[in-house]
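Engineer: Structure provided below as structure tokens; questions to follow.
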Amino acid sequence: MRDDAERIRSLVHTTIFGALWGLIEMFLGGYLQMVQFPLRGALMAAVGSVLLCAARLQADRPGATLAAGAVAAAVRLLAIGAFKLGPVAGIAIEAALLEAVLTLFGCGRVQFMLGCALACLEAIPHFFVTNWLFFGRGIFGTYLEAVRQMQAFFGLPDGFWKAVVAVWAAAHLLLGLSAGAVAAALVARGKHGR
Amino acid sequence: MAGRLRSGLLVPALAAFGVSLFLAPGPLEALVSLAVVSSVALQDPGALRAVGRPRFWVFPALFFILSPFFVGRPDAVVWGRGYSLAQLGQGLAFLLHAYAFTALTALVSRNVCARDMAARAQAWGFRRLGLRLALALIAVKLLRRMLAESFGLYRRQRPGAASFLRDLPVLAGAVAGNCVRVAENIAILFYVRGVRV
């Protein structure tokens, strides 16, 4: 009887939190995409990972995070007129990363920090994969050549673009750690609440 | 709209797009992308109209039209400057690929219905998945109303940008709290009604 109630609770909580993330992705994510906001992928990953951690706190069982992510992806996928494969794939990968961390190491502050950081860093390979999907194989050669020409035009050193990429990656990490801190605060609140 | 997709055309279109991902940019890749676009046009011309908004394409088009001034070996002169027509051709192939991809995703999106997916999942024996999808559909309506109310109230209380940004954790806490409340209410309803999961 108690197990039934726990199963229902787990299913409903993960679905509701997943649907909330899907909705936020639809509206906030869609808006950030429209205004071409910088680091929008990492920002949305940060929001999503905090929601997934909150869902995991409500239903701490293996697969719960992945299930919430699948619901978010389905809501984003089926948003009429708003279909974008990039965000949907991003949601699925971020949920899988968080699921792996929380299933392997359990729920806790450090685990939430690690999981959120990984989810936000996912935006980096995501950029390359979506560009490959969108424009095809040769796009990176064109990007690199354009960057080289711009470096030469502005008289910047040869490897300047690597420094830009490093700053970009650091910004992703920072956002991930901030999301982790918020999720860790949820853990603290949950412990005080109990 | 559900059920309009013809798998006889969709599967080759998806396969062709998959092949195009591994082709070097050039005439062959452009031809394959064109075949994908034609397949979409045959199945649902509305999908092409849906992704045809010029605002979406103007920046990538400008990038690929202007980049041959700087990238690639110049083989022509435009406005007194060296210009690479080969690079322009490659850029147009990139654009066509992007258009094919967007049209294909719009086709799938326009023709897949969530209710159908939920019903089909249940019929195929994935009862939990069907239940989840059906619940998500109901929840989206409830959550949308809850989000609009929470955000409206928060915005009215904090008209300035500084207080709006400073107190964002308050909004996040309220939304998460309301979300838990919605979930608890539905869970109780499921339990009372004897829904088996």
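If you're wondering about the labels, chains in the structure tokens are A, B, ... by order shown, residues count from 1 in each chain, ligands from 1 in order shown.
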Considering only C-alpha atoms, give me a table of residues in chain A that are at most 7 Å from chain B, with the closest atom pair and distance in Å for each, as CSV.
Structural biologist:
```
residue,atom,partner,partner_atom,distance
A:Ala5,CA,B:Tyr191,CA,6.5
A:Arg7,CA,B:Val197,CA,6.8
A:Ile8,CA,B:Ala187,CA,6.0
A:Arg9,CA,B:Ala187,CA,5.4
A:Val12,CA,B:Ala183,CA,5.9
A:His13,CA,B:Ala183,CA,5.3
A:Thr15,CA,B:Ala136,CA,6.1
A:Ile16,CA,B:Ala183,CA,6.1
A:Ala19,CA,B:Ala136,CA,5.7
A:Leu20,CA,B:Leu143,CA,6.6
A:Leu23,CA,B:Val140,CA,7.0
A:Val71,CA,B:Ala136,CA,6.9
A:Leu78,CA,B:Ser109,CA,6.3
A:Ile80,CA,B:Arg110,CA,6.8
A:Phe83,CA,B:Ser109,CA,6.1
A:Leu133,CA,B:Leu21,CA,6.6
A:Phe134,CA,B:Ala98,CA,4.8
A:Phe135,CA,B:Phe94,CA,4.7
A:Gly136,CA,B:Leu21,CA,5.3
A:Arg137,CA,B:Leu21,CA,6.1
A:Gly138,CA,B:Pro25,CA,5.7
A:Glu145,CA,B:Val71,CA,6.1
A:Ala146,CA,B:Val71,CA,5.9
A:Gln149,CA,B:Phe70,CA,6.5
```
Engineer: Please dump the current selection as a PDB file, in the first residue's frame; keep C-alpha atoms.
Structural biologist:
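Full text of again.pdb as output:
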```pdb
ATOM      1  CA  ALA A   5       1.607   5.543  -2.785  1.00  0.00           C
ATOM      2  CA  ARG A   7       5.311   4.917  -6.756  1.00  0.00           C
ATOM      3  CA  ILE A   8       2.446   7.282  -7.582  1.00  0.00           C
ATOM      4  CA  ARG A   9       4.214  10.136  -5.781  1.00  0.00           C
ATOM      5  CA  VAL A  12       3.647  12.448 -10.478  1.00  0.00           C
ATOM      6  CA  HIS A  13       6.455  14.581  -9.026  1.00  0.00           C
ATOM      7  CA  THR A  15       6.308  14.353 -14.419  1.00  0.00           C
ATOM      8  CA  ILE A  16       5.230  17.699 -12.944  1.00  0.00           C
ATOM      9  CA  ALA A  19       6.595  19.512 -17.444  1.00  0.00           C
ATOM     10  CA  LEU A  20       7.618  22.700 -15.614  1.00  0.00           C
ATOM     11  CA  LEU A  23       7.312  24.950 -20.146  1.00  0.00           C
ATOM     12  CA  VAL A  71       8.910  14.656 -19.924  1.00  0.00           C
ATOM     13  CA  LEU A  78       5.586  18.914 -28.989  1.00  0.00           C
ATOM     14  CA  ILE A  80       3.452  23.647 -31.666  1.00  0.00           C
ATOM     15  CA  PHE A  83      10.237  22.709 -32.535  1.00  0.00           C
ATOM     16  CA  LEU A 133      23.624  18.839 -37.776  1.00  0.00           C
ATOM     17  CA  PHE A 134      22.435  22.224 -38.960  1.00  0.00           C
ATOM     18  CA  PHE A 135      25.043  23.210 -41.523  1.00  0.00           C
ATOM     19  CA  GLY A 136      26.819  19.942 -42.260  1.00  0.00           C
ATOM     20  CA  ARG A 137      30.347  18.655 -41.940  1.00  0.00           C
ATOM     21  CA  GLY A 138      32.361  21.472 -43.499  1.00  0.00           C
ATOM     22  CA  GLU A 145      39.084  30.347 -41.470  1.00  0.00           C
ATOM     23  CA  ALA A 146      36.793  33.297 -40.660  1.00  0.00           C
ATOM     24  CA  GLN A 149      41.037  36.210 -40.945  1.00  0.00           C
TER      25      GLN A 149
END
```
Engineer: Output as a PyMOL selection string all residues of range 1-148 of chain B that backbone DSSP marks as strand (DSSP E).
Structural biologist: chain B and resi 76-78+81-83
Engineer: Output N, CA and C atoms for every residue in the selection just made, as a PDB file, in the first residue's frame.
Structural biologist:
```pdb
ATOM      1  N   ALA B  76      37.163  35.908 -58.138  1.00  0.00           N
ATOM      2  CA  ALA B  76      36.367  36.927 -58.828  1.00  0.00           C
ATOM      3  C   ALA B  76      36.594  38.265 -58.117  1.00  0.00           C
ATOM      4  N   VAL B  77      36.132  39.328 -58.754  1.00  0.00           N
ATOM      5  CA  VAL B  77      36.250  40.648 -58.123  1.00  0.00           C
ATOM      6  C   VAL B  77      34.838  41.224 -57.971  1.00  0.00           C
ATOM      7  N   VAL B  78      34.487  41.596 -56.741  1.00  0.00           N
ATOM      8  CA  VAL B  78      33.169  42.193 -56.464  1.00  0.00           C
ATOM      9  C   VAL B  78      33.415  43.497 -55.709  1.00  0.00           C
ATOM     10  N   ARG B  81      36.933  44.288 -54.775  1.00  0.00           N
ATOM     11  CA  ARG B  81      37.654  43.436 -53.805  1.00  0.00           C
ATOM     12  C   ARG B  81      37.635  41.986 -54.284  1.00  0.00           C
ATOM     13  N   GLY B  82      38.635  41.241 -53.842  1.00  0.00           N
ATOM     14  CA  GLY B  82      38.685  39.818 -54.179  1.00  0.00           C
ATOM     15  C   GLY B  82      37.521  39.078 -53.520  1.00  0.00           C
ATOM     16  N   TYR B  83      36.920  38.126 -54.266  1.00  0.00           N
ATOM     17  CA  TYR B  83      35.748  37.417 -53.749  1.00  0.00           C
ATOM     18  C   TYR B  83      35.849  35.961 -54.181  1.00  0.00           C
TER      19      TYR B  83
END
```
Engineer: I'd like to know which residues of chain A are alpha helix (DSSP H) (by DSSP, run on the backbone); could you write them as a ChimeraX atom specification?
Structural biologist: /A:2-24,30-34,40-58,64-77,85-105,109-121,123-135,139-154,160-193
Engineer: Could you tell me how far CA of Ala117 in chain A sits from CA of Leu177 in chain A, in Å to one decimal place?
Structural biologist: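 CA of Ala117 in chain A lies at a distance of 5.3 Å from CA of Leu177 in chain A.
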Engineer: Restricting the calculation to only C-alpha atoms, which member of B:Pro74, B:Gly130, B:Pro12, B:Gly46 is positioned closest to Leu88 in chain B?
Structural biologist: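 Going through B:Pro74, B:Gly130, B:Pro12, B:Gly46 one by one, the smallest distance to Leu88 in chain B is for B:Pro74.
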Engineer: With only C-alpha atoms as the basis for distance, which of B:Arg55, B:Arg155, B:Ala16, B:Trp124 is at the shortest distance from Val37 in chain B?
Structural biologist: B:Ala16
Engineer: Tell me which of A:Phe160, A:Gly176, A:Leu57, A:Ala123 sits closest to Ala188 in chain A, counting only C-alpha atoms.
Structural biologist: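 The closest residue to Ala188 in chain A is A:Leu57.
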Engineer: Applying 12 Å and only C-alpha atoms, which residues near Ala119 in chain A remain after dropping the ones on its own chain fewer than 4 positions away? List them as a ChimeraX atom specification.
Structural biologist: /A:41-50,52-53,69,90-101,112-115,123-126,172-180
Engineer: CA of Val187 in chain A and CA of Gly177 in chain B are how many Å apart?
Structural biologist: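 Answer for the CA of Val187 in chain A to CA of Gly177 in chain B separation: 14.1 Å.
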Engineer: In Å to one decimal, how far is CA of Trp79 in chain B from CA of Trp57 in chain B?
Structural biologist: 24.0 Å
